[in-house]
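**Q** So here's upload-v4.csv (CSV, C-alpha atoms and all ligand atoms).
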chain,number,residue,atom,x,y,z
A,1,MET,CA,72.7,179.4,122.3
A,2,THR,CA,74.7,181.5,124.8
A,3,THR,CA,76.5,180.1,127.8
A,4,ARG,CA,73.6,180.9,130.0
A,5,ASP,CA,71.1,178.9,128.0
A,6,ARG,CA,72.6,175.7,129.1
A,7,ARG,CA,70.4,173.7,131.5
A,8,GLU,CA,73.1,171.9,133.5
A,9,PRO,CA,73.2,172.3,137.3
A,10,ILE,CA,76.0,174.5,138.7
A,11,THR,CA,77.9,172.0,140.6
A,12,HIS,CA,80.8,174.3,141.5
A,13,LEU,CA,81.7,177.9,140.8
A,14,THR,CA,84.1,177.4,137.9
A,15,ASP,CA,81.4,178.2,135.4
A,16,LEU,CA,80.8,181.6,136.9
A,17,GLU,CA,84.5,182.3,137.3
A,18,LYS,CA,85.0,181.4,133.6
A,19,MET,CA,82.2,183.7,132.6
A,20,ARG,CA,83.8,186.6,134.6
A,21,THR,CA,87.2,186.1,133.2
A,22,HIS,CA,85.8,185.7,129.7
A,23,ASP,CA,83.9,188.9,130.1
A,24,SER,CA,86.8,190.9,131.4
A,25,ARG,CA,89.2,189.5,128.7
A,26,ARG,CA,86.7,190.5,126.1
A,27,ALA,CA,86.4,194.0,127.6
A,28,SER,CA,90.1,194.6,127.8
A,29,SER,CA,91.4,193.0,124.6
A,30,GLY,CA,88.9,194.3,122.0
A,31,PRO,CA,89.8,196.9,119.4
A,32,ASN,CA,88.4,199.7,121.6
A,33,ALA,CA,90.1,198.5,124.8
A,34,HIS,CA,92.4,201.5,124.8
A,35,ARG,CA,89.7,204.1,124.4
A,36,THR,CA,87.6,205.5,127.1
A,37,PRO,CA,84.0,204.3,126.7
A,38,GLY,CA,81.7,206.7,124.8
A,39,LYS,CA,78.7,208.4,126.4
A,40,LYS,CA,76.3,205.8,124.9
A,41,ALA,CA,78.3,203.0,126.4
A,42,ARG,CA,78.4,204.6,129.8
A,43,VAL,CA,74.6,205.1,129.7
A,44,MET,CA,74.1,201.5,128.6
A,45,LYS,CA,76.4,200.3,131.4
A,46,ARG,CA,74.4,202.3,134.0
A,47,VAL,CA,71.1,201.0,132.7
A,48,VAL,CA,72.3,197.4,132.7
A,49,GLU,CA,73.7,197.7,136.1
A,50,SER,CA,70.7,199.4,137.6
A,51,VAL,CA,68.4,196.6,136.2
A,52,TRP,CA,70.7,193.8,137.3
A,53,ALA,CA,71.8,195.2,140.6
A,54,GLN,CA,68.2,195.2,141.8
A,55,MET,CA,68.5,191.6,142.9
A,56,SER,CA,69.3,191.6,146.6
A,57,CYS,CA,71.2,188.9,148.6
A,58,ALA,CA,67.8,187.9,150.2
A,59,GLU,CA,66.3,187.5,146.7
A,60,VAL,CA,69.2,185.4,145.5
A,61,LEU,CA,68.9,183.2,148.6
A,62,GLY,CA,65.2,182.8,147.9
A,63,ILE,CA,65.8,181.3,144.5
A,64,MET,CA,68.9,179.4,145.3
A,65,PRO,CA,67.4,176.0,144.6
A,66,PRO,CA,66.2,176.6,141.0
A,67,LEU,CA,69.4,178.7,140.4
A,68,ALA,CA,71.6,175.8,141.4
A,69,ARG,CA,69.7,173.6,139.0
A,70,CYS,CA,69.8,176.2,136.2
A,71,GLU,CA,66.0,176.2,136.1
A,72,LEU,CA,65.5,179.9,136.2
A,73,ARG,CA,64.5,181.7,133.1
A,74,SER,CA,65.9,184.9,131.7
A,75,PRO,CA,66.1,187.6,132.8
A,76,GLU,CA,65.9,186.2,136.4
A,77,GLN,CA,68.7,183.8,135.7
A,78,ASP,CA,70.9,186.6,134.2
A,79,ARG,CA,70.1,189.0,137.1
A,80,ALA,CA,71.0,186.3,139.6
A,81,LEU,CA,74.3,185.4,137.9
A,82,PHE,CA,75.1,189.1,137.6
A,83,HIS,CA,74.6,189.4,141.3
A,84,LEU,CA,76.7,186.3,142.0
A,85,ALA,CA,79.5,187.6,139.9
A,86,SER,CA,79.9,190.6,142.2
A,87,CYS,CA,78.8,189.2,145.6
A,88,PRO,CA,81.3,186.8,147.3
A,89,ALA,CA,78.8,186.2,150.2
A,90,CYS,CA,76.1,184.8,147.8
A,91,ARG,CA,78.8,182.7,145.9
A,92,ARG,CA,79.6,181.2,149.3
A,93,GLU,CA,75.9,180.6,149.9
A,94,LEU,CA,75.6,178.9,146.5
A,95,ALA,CA,78.6,176.6,147.2
A,96,GLU,CA,77.1,175.8,150.6
A,97,TYR,CA,73.7,175.2,149.1
A,98,VAL,CA,75.2,172.6,146.7
A,99,ASN,CA,77.2,171.0,149.6
A,100,ILE,CA,74.3,170.7,152.0
A,101,SER,CA,71.9,169.6,149.2
A,102,ASN,CA,74.3,166.9,148.0
A,103,ALA,CA,75.0,165.7,151.6
A,104,ILE,CA,71.3,165.4,152.4
A,105,LYS,CA,70.6,163.6,149.2
A,106,SER,CA,73.4,161.1,149.7
A,107,HIS,CA,72.3,160.3,153.3
A,108,ARG,CA,68.7,160.1,152.2
A,109,ALA,CA,69.7,157.4,149.7
A,110,ALA,CA,70.7,155.2,152.7
A,111,LEU,CA,67.1,155.4,154.2
A,112,PRO,CA,64.6,152.7,153.4
A,113,GLY,CA,62.3,153.3,150.5
A,114,LEU,CA,58.5,153.3,150.2
A,115,PRO,CA,57.5,149.6,150.4
A,116,PRO,CA,56.1,148.0,147.2
A,117,SER,CA,52.9,147.2,149.0
A,118,ALA,CA,52.1,151.0,149.4
A,119,TRP,CA,50.2,151.3,146.1
A,120,SER,CA,48.0,148.3,146.8
A,121,ASN,CA,47.3,149.6,150.3
A,122,LEU,CA,46.3,153.0,148.8
A,123,ARG,CA,44.2,151.4,146.2
A,124,GLU,CA,42.4,149.3,148.8
A,125,THR,CA,41.7,152.5,150.9
A,126,MET,CA,40.4,154.2,147.8
A,127,GLU,CA,38.1,151.2,147.1
A,128,THR,CA,36.8,151.2,150.7
A,129,SER,CA,36.3,154.9,150.6
A,130,ARG,CA,34.3,154.6,147.4
A,131,HIS,CA,32.3,151.9,149.0
A,132,LEU,CA,31.5,154.1,152.0
A,133,GLU,CA,30.1,156.8,149.8
A,134,GLU,CA,27.6,154.3,148.4
A,135,VAL,CA,26.4,153.0,151.8
A,136,SER,CA,23.1,154.6,152.9
A,137,HIS,CA,22.2,152.4,155.9
A,138,THR,CA,21.7,154.4,159.1
A,139,PRO,CA,22.3,152.8,162.5
A,140,ASP,CA,21.3,154.3,165.9
A,141,ARG,CA,23.7,157.0,166.9
A,142,HIS,CA,24.9,158.1,170.3
A,143,ASP,CA,27.5,160.7,170.9
A,144,LEU,CA,29.0,160.1,174.4
A,145,GLY,CA,31.5,162.9,174.5
A,146,GLN,CA,34.8,161.6,173.4
A,147,VAL,CA,33.5,158.1,172.7
A,148,ILE,CA,31.1,157.7,169.8
A,149,VAL,CA,29.0,154.6,169.7
A,150,ALA,CA,26.9,153.2,166.9
A,151,ARG,CA,24.6,150.3,167.2
A,152,ALA,CA,23.5,148.5,164.1
A,153,PRO,CA,20.4,146.3,163.7
A,154,SER,CA,22.7,143.3,163.4
A,155,GLY,CA,23.5,143.6,167.2
A,156,HIS,CA,27.1,144.8,166.7
A,157,THR,CA,28.3,147.7,168.7
A,158,VAL,CA,31.1,149.8,167.4
A,159,THR,CA,33.1,152.2,169.5
A,160,GLY,CA,35.1,155.0,168.1
A,161,ASP,CA,37.7,156.3,170.5
A,162,GLN,CA,38.6,159.9,169.8
A,163,VAL,CA,42.2,160.2,169.1
A,164,SER,CA,42.2,163.7,167.5
A,165,GLU,CA,41.1,167.0,168.9
A,166,HIS,CA,37.8,168.6,168.1
A,167,GLU,CA,36.6,165.9,165.7
A,168,HIS,CA,33.7,164.6,167.8
A,169,THR,CA,32.1,168.0,167.7
A,170,ASP,CA,32.1,168.1,163.9
A,171,PRO,CA,28.9,166.6,162.7
A,172,VAL,CA,30.2,165.9,159.2
A,173,LEU,CA,33.0,163.8,160.6
A,174,VAL,CA,30.7,162.0,163.0
A,175,ASN,CA,28.5,161.2,160.1
A,176,ARG,CA,31.4,159.9,158.1
A,177,PHE,CA,32.4,157.8,161.0
A,178,LEU,CA,29.0,156.3,161.3
A,179,ASP,CA,29.0,155.6,157.6
A,180,ALA,CA,32.3,153.8,158.0
A,181,VAL,CA,30.9,151.9,160.9
A,182,THR,CA,27.9,150.9,159.0
A,183,ALA,CA,30.0,149.7,156.1
A,184,ALA,CA,32.1,147.7,158.6
A,185,LEU,CA,29.1,146.0,160.0
A,186,LEU,CA,27.9,145.2,156.5
A,187,LEU,CA,31.2,143.7,155.8
A,188,GLY,CA,31.0,141.7,159.0
A,189,GLY,CA,33.8,143.3,161.0
A,190,VAL,CA,36.3,146.1,160.8
A,191,PRO,CA,39.0,145.2,158.3
A,192,PRO,CA,42.5,146.7,159.2
A,193,VAL,CA,42.3,149.0,156.2
A,194,LEU,CA,39.1,150.6,157.4
A,195,ALA,CA,40.5,150.9,160.9
A,196,GLY,CA,43.4,152.8,159.2
A,197,VAL,CA,41.0,155.1,157.4
A,198,CYS,CA,39.1,155.8,160.6
A,199,ARG,CA,42.2,156.6,162.5
A,200,GLY,CA,43.9,158.6,159.8
A,201,THR,CA,41.0,160.5,158.2
A,202,LEU,CA,38.5,160.7,161.0
A,203,GLY,CA,40.9,160.6,164.0
A,204,LEU,CA,39.0,157.7,165.6
A,205,ALA,CA,40.4,154.3,166.8
A,206,ILE,CA,37.5,151.9,166.3
A,207,SER,CA,36.7,148.6,167.9
A,208,THR,CA,33.7,146.3,167.6
A,209,GLU,CA,31.8,143.9,169.8
A,210,THR,CA,28.7,141.8,169.5
A,211,VAL,CA,25.9,142.5,172.0
B,1,MET,CA,61.8,168.8,142.0
B,2,SER,CA,59.8,171.8,140.7
B,3,GLY,CA,61.2,171.4,137.2
B,4,PRO,CA,58.9,172.9,134.5
B,5,ARG,CA,58.4,169.6,132.7
B,6,ARG,CA,57.7,167.7,135.9
B,7,GLU,CA,55.2,170.4,136.8
B,8,ASP,CA,53.4,170.0,133.5
B,9,LYS,CA,53.2,166.2,133.9
B,10,GLY,CA,52.0,166.6,137.5
B,11,LEU,CA,49.2,169.0,136.4
B,12,ALA,CA,48.1,166.7,133.6
B,13,LEU,CA,47.9,163.8,136.1
B,14,VAL,CA,45.9,165.9,138.6
B,15,ARG,CA,43.4,166.8,135.9
B,16,ALA,CA,43.0,163.1,135.0
B,17,ILE,CA,42.9,161.7,138.5
B,18,PRO,CA,39.1,162.2,139.1
B,19,ASN,CA,38.4,159.8,136.2
B,20,SER,CA,41.4,157.6,136.0
B,21,GLU,CA,43.0,155.2,138.5
B,22,CYS,CA,46.0,154.9,136.2
B,23,ALA,CA,46.6,158.7,136.6
B,24,MET,CA,46.4,158.3,140.3
B,25,ARG,CA,48.9,155.4,140.2
B,26,GLU,CA,51.3,157.4,138.1
B,27,PHE,CA,50.9,160.4,140.4
B,28,PHE,CA,51.6,158.1,143.3
B,29,GLU,CA,54.7,156.7,141.7
B,30,GLU,CA,55.9,160.2,140.8
B,31,PHE,CA,55.4,161.8,144.2
B,32,GLY,CA,55.0,158.9,146.7
B,33,PRO,CA,58.7,158.0,147.2
B,34,GLN,CA,59.8,161.6,147.8
B,35,ILE,CA,57.0,162.5,150.2
B,36,PHE,CA,57.7,159.2,152.0
B,37,HIS,CA,61.2,160.3,152.6
B,38,TYR,CA,60.1,163.7,153.6
B,39,ALA,CA,57.7,162.3,156.2
B,40,LEU,CA,60.2,159.7,157.3
B,41,THR,CA,63.0,162.2,158.0
B,42,ILE,CA,60.5,164.3,160.1
B,43,LEU,CA,58.8,161.4,161.9
B,44,GLY,CA,61.7,159.0,162.1
B,45,ASP,CA,59.3,156.0,161.7
B,46,THR,CA,58.6,154.1,158.5
B,47,HIS,CA,55.1,153.0,159.6
B,48,ALA,CA,54.1,156.6,160.5
B,49,ALA,CA,55.6,157.8,157.2
B,50,GLN,CA,53.6,155.2,155.2
B,51,GLU,CA,50.5,156.3,157.0
B,52,VAL,CA,51.2,160.0,156.2
B,53,VAL,CA,51.8,159.1,152.5
B,54,GLN,CA,48.6,157.2,152.4
B,55,GLU,CA,46.6,160.1,153.9
B,56,THR,CA,48.4,162.6,151.6
B,57,MET,CA,47.5,160.6,148.5
B,58,ILE,CA,43.9,160.2,149.7
B,59,GLY,CA,43.9,164.0,150.1
B,60,VAL,CA,45.2,164.4,146.5
B,61,TRP,CA,42.6,161.9,145.2
B,62,ARG,CA,39.7,163.7,147.0
B,63,GLY,CA,41.0,167.2,146.2
B,64,ALA,CA,42.1,166.7,142.6
B,65,SER,CA,38.8,167.9,141.1
B,66,ARG,CA,39.0,171.1,143.1
B,67,PHE,CA,42.7,171.8,142.4
B,68,THR,CA,42.8,175.3,140.8
B,69,ALA,CA,46.5,175.5,139.9
B,70,SER,CA,46.8,178.7,141.9
B,71,SER,CA,49.9,177.0,143.4
B,72,SER,CA,52.2,174.5,141.7
B,73,VAL,CA,51.3,170.8,142.0
B,74,SER,CA,54.5,170.1,144.0
B,75,THR,CA,53.7,172.8,146.6
B,76,TRP,CA,50.1,171.5,146.8
B,77,VAL,CA,51.2,167.9,147.5
B,78,TYR,CA,53.8,169.0,150.0
B,79,SER,CA,51.4,171.3,151.8
B,80,ILE,CA,48.9,168.4,152.2
B,81,CYS,CA,51.8,166.2,153.4
B,82,HIS,CA,52.9,168.8,155.9
B,83,ASN,CA,49.4,169.1,157.3
B,84,LYS,CA,49.1,165.3,157.6
B,85,ILE,CA,52.4,165.2,159.5
B,86,VAL,CA,51.2,167.8,161.9
B,87,ASP,CA,47.9,165.9,162.4
B,88,TYR,CA,49.9,162.7,162.9
B,89,ILE,CA,52.1,164.2,165.6
B,90,ARG,CA,49.1,165.9,167.4
B,91,ARG,CA,47.2,162.6,167.3
B,92,GLU,CA,50.1,160.6,168.7
B,93,SER,CA,50.9,163.2,171.4
B,94,ARG,CA,47.2,163.2,172.4
B,95,HIS,CA,47.2,159.5,172.5
B,96,VAL,CA,50.3,159.4,174.7
B,97,ARG,CA,49.0,162.0,177.0
B,98,ARG,CA,45.7,160.2,177.4
B,99,ALA,CA,47.4,156.9,178.0
B,100,SER,CA,49.5,158.5,180.7
B,101,GLY,CA,46.5,160.3,182.3
B,102,ALA,CA,47.8,163.7,181.5
B,103,ASP,CA,45.5,166.7,181.2
B,104,LEU,CA,44.3,166.8,177.6
B,105,SER,CA,43.4,170.5,177.8
B,106,ALA,CA,47.0,171.3,178.5
B,107,SER,CA,48.7,173.4,175.8
B,108,ALA,CA,48.6,172.0,172.3
B,109,VAL,CA,51.7,170.4,170.9
B,110,THR,CA,54.1,173.0,169.7
B,111,PHE,CA,55.0,171.2,166.5
B,112,GLU,CA,57.5,173.8,165.2
B,113,ASN,CA,59.6,173.9,168.3
B,114,GLU,CA,59.8,170.3,169.4
B,115,PRO,CA,62.4,167.9,168.2
B,116,CYS,CA,60.4,164.8,167.3
B,117,GLY,CA,60.5,161.4,165.9
B,118,THR,CA,61.4,158.2,167.7
B,119,TRP,CA,63.7,157.0,164.9
B,120,SER,CA,62.7,153.6,165.9
B,121,TYR,CA,62.5,151.8,162.6
B,122,ILE,CA,65.5,153.3,160.8
B,123,ASP,CA,69.0,152.1,160.8
B,124,PRO,CA,70.7,153.5,157.8
B,125,GLY,CA,74.1,152.6,159.3
B,126,GLY,CA,77.5,154.3,159.3
B,127,ASP,CA,77.8,157.9,158.3
B,128,SER,CA,74.2,158.3,157.5
B,129,MET,CA,73.1,157.0,160.9
B,130,GLU,CA,75.1,159.8,162.5
B,131,PHE,CA,73.8,162.4,160.1
B,132,TRP,CA,70.1,161.6,160.7
B,133,GLU,CA,70.7,161.2,164.4
B,134,THR,CA,72.1,164.7,164.4
B,135,PHE,CA,69.4,166.0,162.1
B,136,ARG,CA,66.7,164.6,164.4
B,137,ARG,CA,67.9,166.8,167.2
B,138,LEU,CA,66.8,170.0,165.3
B,139,PRO,CA,63.4,171.3,166.1
B,140,ASN,CA,60.6,170.3,163.6
B,141,GLY,CA,60.2,173.7,162.2
B,142,GLN,CA,63.9,173.9,161.2
B,143,ARG,CA,64.1,170.4,159.9
B,144,GLU,CA,61.1,171.0,157.6
B,145,VAL,CA,62.5,174.2,156.0
B,146,ILE,CA,65.9,172.5,155.6
B,147,LEU,CA,64.4,169.5,153.8
B,148,LEU,CA,62.1,171.5,151.6
B,149,PHE,CA,64.8,174.0,150.6
B,150,TYR,CA,67.9,171.9,150.3
B,151,ASP,CA,66.5,168.5,149.5
B,152,ALA,CA,63.1,169.0,147.8
B,153,GLY,CA,64.5,172.2,146.2
B,154,PHE,CA,61.7,174.6,146.8
B,155,SER,CA,62.4,178.4,146.7
B,156,VAL,CA,61.9,180.3,149.9
B,157,ALA,CA,58.6,181.7,148.7
B,158,GLU,CA,57.4,178.1,147.9
B,159,VAL,CA,58.5,176.9,151.4
B,160,ALA,CA,56.6,179.8,152.9
B,161,GLU,CA,53.5,178.8,151.0
B,162,ILE,CA,53.8,175.1,151.9
B,163,LEU,CA,54.2,175.8,155.6
B,164,GLU,CA,51.9,178.8,155.6
B,165,ILE,CA,54.5,181.0,157.3
B,166,PRO,CA,56.1,184.3,156.3
B,167,ALA,CA,59.2,184.2,154.0
B,168,GLY,CA,61.2,186.0,156.7
B,169,THR,CA,60.5,183.1,159.1
B,170,VAL,CA,61.6,180.6,156.5
B,171,ARG,CA,64.9,182.5,156.1
B,172,SER,CA,65.5,182.8,159.8
B,173,ARG,CA,64.7,179.1,160.3
B,174,LEU,CA,67.1,178.2,157.5
B,175,HIS,CA,69.8,180.3,159.0
B,176,ALA,CA,69.3,178.9,162.6
B,177,GLY,CA,68.9,175.3,161.3
B,178,LYS,CA,72.2,175.6,159.3
B,179,GLN,CA,74.0,177.0,162.3
B,180,ARG,CA,72.8,174.2,164.6
B,181,LEU,CA,73.6,171.5,162.0
B,182,ARG,CA,77.1,172.9,161.8
B,183,VAL,CA,77.5,172.9,165.6
B,184,LEU,CA,76.0,169.4,165.9
B,185,LEU,CA,78.3,168.1,163.2
B,186,LYS,CA,81.2,169.7,165.1
B,187,GLY,CA,82.3,171.9,162.2
B,188,GLY,CA,82.5,169.0,159.9
B,189,SER,CA,82.0,169.8,156.2
B,190,LEU,CA,78.4,168.3,156.3
A,301,ZN,ZN,74.6,188.7,147.6
Re-express the file's structure as structure tokens.

**A**
Amino acid sequence: MTTRDRREPITHLTDLEKMRTHDSRRASSGPNAHRTPGKKARVMKRVVESVWAQMSCAEVLGIMPPLARCELRSPEQDRALFHLASCPACRRELAEYVNISNAIKSHRAALPGLPPSAWSNLRETMETSRHLEEVSHTPDRHDLGQVIVARAPSGHTVTGDQVSEHEHTDPVLVNRFLDAVTAALLLGGVPPVLAGVCRGTLGLAISTETV
Amino acid sequence: MSGPRREDKGLALVRAIPNSECAMREFFEEFGPQIFHYALTILGDTHAAQEVVQETMIGVWRGASRFTASSSVSTWVYSICHNKIVDYIRRESRHVRRASGADLSASAVTFENEPCGTWSYIDPGGDSMEFWETFRRLPNGQREVILLFYDAGFSVAEVAEILEIPAGTVRSRLHAGKQRLRVLLKGGSL
């Protein structure tokens, strides 16, 4: 396990600073510190730098979120850290990323959450949707431009008021609407959840009346 | 957000959803709360956000069997959510324009450039109230990239994929959004 294998978020820059000072101490206090580096070492250094230096500031910005959470894998993580060690601008960006990210998260915590009824509403919509797929009854159909009317044998008239663009010209959606309407009539009215499906999925606000 | 383990779990759930309501429920519990907050901070309305979550989850439920894993599960869910938010805003704006007798053929809603959200059902109180009031004044396009990048934790490339815009546009919106936030918060430390 090296220092860089840890999977803890970088919450401040001390980690990086430590790594840098550790690296430079090691470089200057080793037994060979007083010698000029050999040819092999110089070549190695050039290779390493040319590989790592390839990461640009824009690239580092691009991966800032996983970098701040230490979720990058090697060699990407190493290349990013190498870039950070020598680029004050990106270090500022990272610090700012952590600040903004924490600020948004803490203010978000003050917002209301998803209500507990959300799952049962979804489940009901899924049920209704399943039911619609099983319905094969076909009422009379009239497309009156932006208002779509379906009349079922029971004498109910259902009006779909177009609330989205284009939908009334799409025969697939019109058919789905008419299926929804048919199901509503079979169910004896338009339950709120179906009205929600029509509005959300089909872009239609529906209303019924008995003729 | 896009942690590798979470991604594996998400993918396993998506694979199971066509045949399992339990998987759908677990998926809902995993992703529902965060896309609710995403929609809420864009739309500023809890009812609207609930509607968007519902539609997004129906989209997941219907689309799960066709999910090819060419993108990550997280980016897939957020891109459905983004589209539902755009649909919602277009629908509402069309409704309002019709109610006011305005010309419906007039230019479509420029979602990216308009500040939006009535903020009618939210009162987080104190500091947070001020923060979200300020945030609300940014154009939609900037708010979205800021939330996806700083809060949901997507990379620039992933944000570009979710919003179907070039990475360069994501970077410039991030930059502009940050500048405006700073100005709006009067140089405060955010
Ligand atoms: Zn840099």

**Q** Taking only C-alpha atoms into account, report as a ChimeraX atom specification which residues of chain B lie within 7 Å of chain A.

**A** /B:3,33,36,54-55,91,94-95,124,128,149-151,153-157,190

**Q** Calculated over only C-alpha atoms and all ligand atoms, which of the candidates A:Cys87, A:Phe82, A:Arg42, A:Arg130 has the smallest distance to ligand ZN 301 (chain A)?

**A**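 Among A:Cys87, A:Phe82, A:Arg42, A:Arg130, it is A:Cys87 that comes nearest to ligand ZN 301 (chain A).
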
**Q** Tell me, in Å to one decimal, how far atom CA of A:Pro88 is from atom CA of A:Lys45.

**A**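 Result for atom CA of A:Pro88 versus atom CA of A:Lys45: 21.4 Å, one decimal.
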
**Q** At a cut-off of 10 Å and counting only C-alpha atoms and all ligand atoms, what residues surround ligand ZN 301 (chain A)? Please answer as a ChimeraX atom specification.

**A** /A:53,55-61,80,83-94

**Q** Please measure the separation of atom CA of B:Glu30 and atom CA of A:Glu127, giving the value in Å to one decimal.

**A**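 Calculated distance between atom CA of B:Glu30 and atom CA of A:Glu127 is 20.9 Å.
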
**Q** Would you please work out which residue, of B:Gln50, B:Ser20, B:Thr56, B:Ser172, is nearest to B:Lys84 when using all atoms listed in the file?

**A**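 Distance minimum relative to B:Lys84 lands on B:Thr56.
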
**Q** Hey, can you check how far atom CA of B:Arg5 sits from atom CA of B:Glu144?

**A**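 Result for atom CA of B:Arg5 versus atom CA of B:Glu144: 25.1 Å, one decimal.
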
**Q** Pick out the closest residue to B:Glu130 from this set: B:Ser65, B:Val53, B:Ala23, B:Leu185. Count all atoms listed in the file.

**A** B:Leu185

**Q** Can you give me N, CA, C and O atoms for stretch 108-124 of chain A, written as an mmCIF file, in the coordinates of the input?

**A**
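Result went into rebuild-v8.cif, see below:
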data_model
loop_
_atom_site.group_PDB
_atom_site.id
_atom_site.type_symbol
_atom_site.label_atom_id
_atom_site.label_comp_id
_atom_site.auth_asym_id
_atom_site.auth_seq_id
_atom_site.Cartn_x
_atom_site.Cartn_y
_atom_site.Cartn_z
ATOM 1 N N ARG A 108 70.121 160.523 152.401
ATOM 2 C CA ARG A 108 68.700 160.100 152.200
ATOM 3 C C ARG A 108 68.692 158.765 151.439
ATOM 4 O O ARG A 108 67.843 157.911 151.663
ATOM 5 N N ALA A 109 69.681 158.621 150.543
ATOM 6 C CA ALA A 109 69.700 157.400 149.700
ATOM 7 C C ALA A 109 69.916 156.153 150.616
ATOM 8 O O ALA A 109 69.606 155.042 150.209
ATOM 9 N N ALA A 110 70.450 156.374 151.850
ATOM 10 C CA ALA A 110 70.700 155.200 152.700
ATOM 11 C C ALA A 110 69.412 154.839 153.518
ATOM 12 O O ALA A 110 69.397 153.816 154.198
ATOM 13 N N LEU A 111 68.373 155.668 153.414
ATOM 14 C CA LEU A 111 67.100 155.400 154.200
ATOM 15 C C LEU A 111 66.302 154.330 153.400
ATOM 16 O O LEU A 111 66.419 154.207 152.182
ATOM 17 N N PRO A 112 65.455 153.613 154.137
ATOM 18 C CA PRO A 112 64.600 152.700 153.400
ATOM 19 C C PRO A 112 63.606 153.396 152.515
ATOM 20 O O PRO A 112 63.277 154.555 152.758
ATOM 21 N N GLY A 113 63.187 152.729 151.449
ATOM 22 C CA GLY A 113 62.300 153.300 150.500
ATOM 23 C C GLY A 113 60.815 152.994 150.831
ATOM 24 O O GLY A 113 60.540 152.217 151.743
ATOM 25 N N LEU A 114 59.917 153.576 150.064
ATOM 26 C CA LEU A 114 58.500 153.300 150.200
ATOM 27 C C LEU A 114 58.280 151.803 149.825
ATOM 28 O O LEU A 114 58.691 151.389 148.743
ATOM 29 N N PRO A 115 57.673 151.005 150.710
ATOM 30 C CA PRO A 115 57.500 149.600 150.400
ATOM 31 C C PRO A 115 56.634 149.355 149.164
ATOM 32 O O PRO A 115 55.730 150.144 148.901
ATOM 33 N N PRO A 116 56.885 148.279 148.421
ATOM 34 C CA PRO A 116 56.100 148.000 147.200
ATOM 35 C C PRO A 116 54.637 147.836 147.427
ATOM 36 O O PRO A 116 53.835 148.042 146.524
ATOM 37 N N SER A 117 54.276 147.463 148.675
ATOM 38 C CA SER A 117 52.900 147.200 149.000
ATOM 39 C C SER A 117 52.088 148.556 149.103
ATOM 40 O O SER A 117 50.867 148.558 149.221
ATOM 41 N N ALA A 118 52.807 149.691 149.086
ATOM 42 C CA ALA A 118 52.100 151.000 149.400
ATOM 43 C C ALA A 118 51.019 151.285 148.394
ATOM 44 O O ALA A 118 49.964 151.757 148.789
ATOM 45 N N TRP A 119 51.255 150.991 147.091
ATOM 46 C CA TRP A 119 50.200 151.300 146.100
ATOM 47 C C TRP A 119 48.979 150.432 146.334
ATOM 48 O O TRP A 119 47.848 150.940 146.335
ATOM 49 N N SER A 120 49.174 149.131 146.579
ATOM 50 C CA SER A 120 48.000 148.300 146.800
ATOM 51 C C SER A 120 47.230 148.671 148.020
ATOM 52 O O SER A 120 45.999 148.612 148.056
ATOM 53 N N ASN A 121 47.947 149.110 149.074
ATOM 54 C CA ASN A 121 47.300 149.600 150.300
ATOM 55 C C ASN A 121 46.426 150.830 149.966
ATOM 56 O O ASN A 121 45.287 150.959 150.403
ATOM 57 N N LEU A 122 47.037 151.729 149.189
ATOM 58 C CA LEU A 122 46.300 153.000 148.800
ATOM 59 C C LEU A 122 45.080 152.638 148.022
ATOM 60 O O LEU A 122 44.002 153.173 148.251
ATOM 61 N N ARG A 123 45.264 151.712 147.068
ATOM 62 C CA ARG A 123 44.200 151.400 146.200
ATOM 63 C C ARG A 123 43.012 150.759 146.993
ATOM 64 O O ARG A 123 41.843 151.058 146.767
ATOM 65 N N GLU A 124 43.375 149.944 147.983
ATOM 66 C CA GLU A 124 42.400 149.300 148.800
ATOM 67 C C GLU A 124 41.609 150.395 149.634
ATOM 68 O O GLU A 124 40.389 150.348 149.757
#
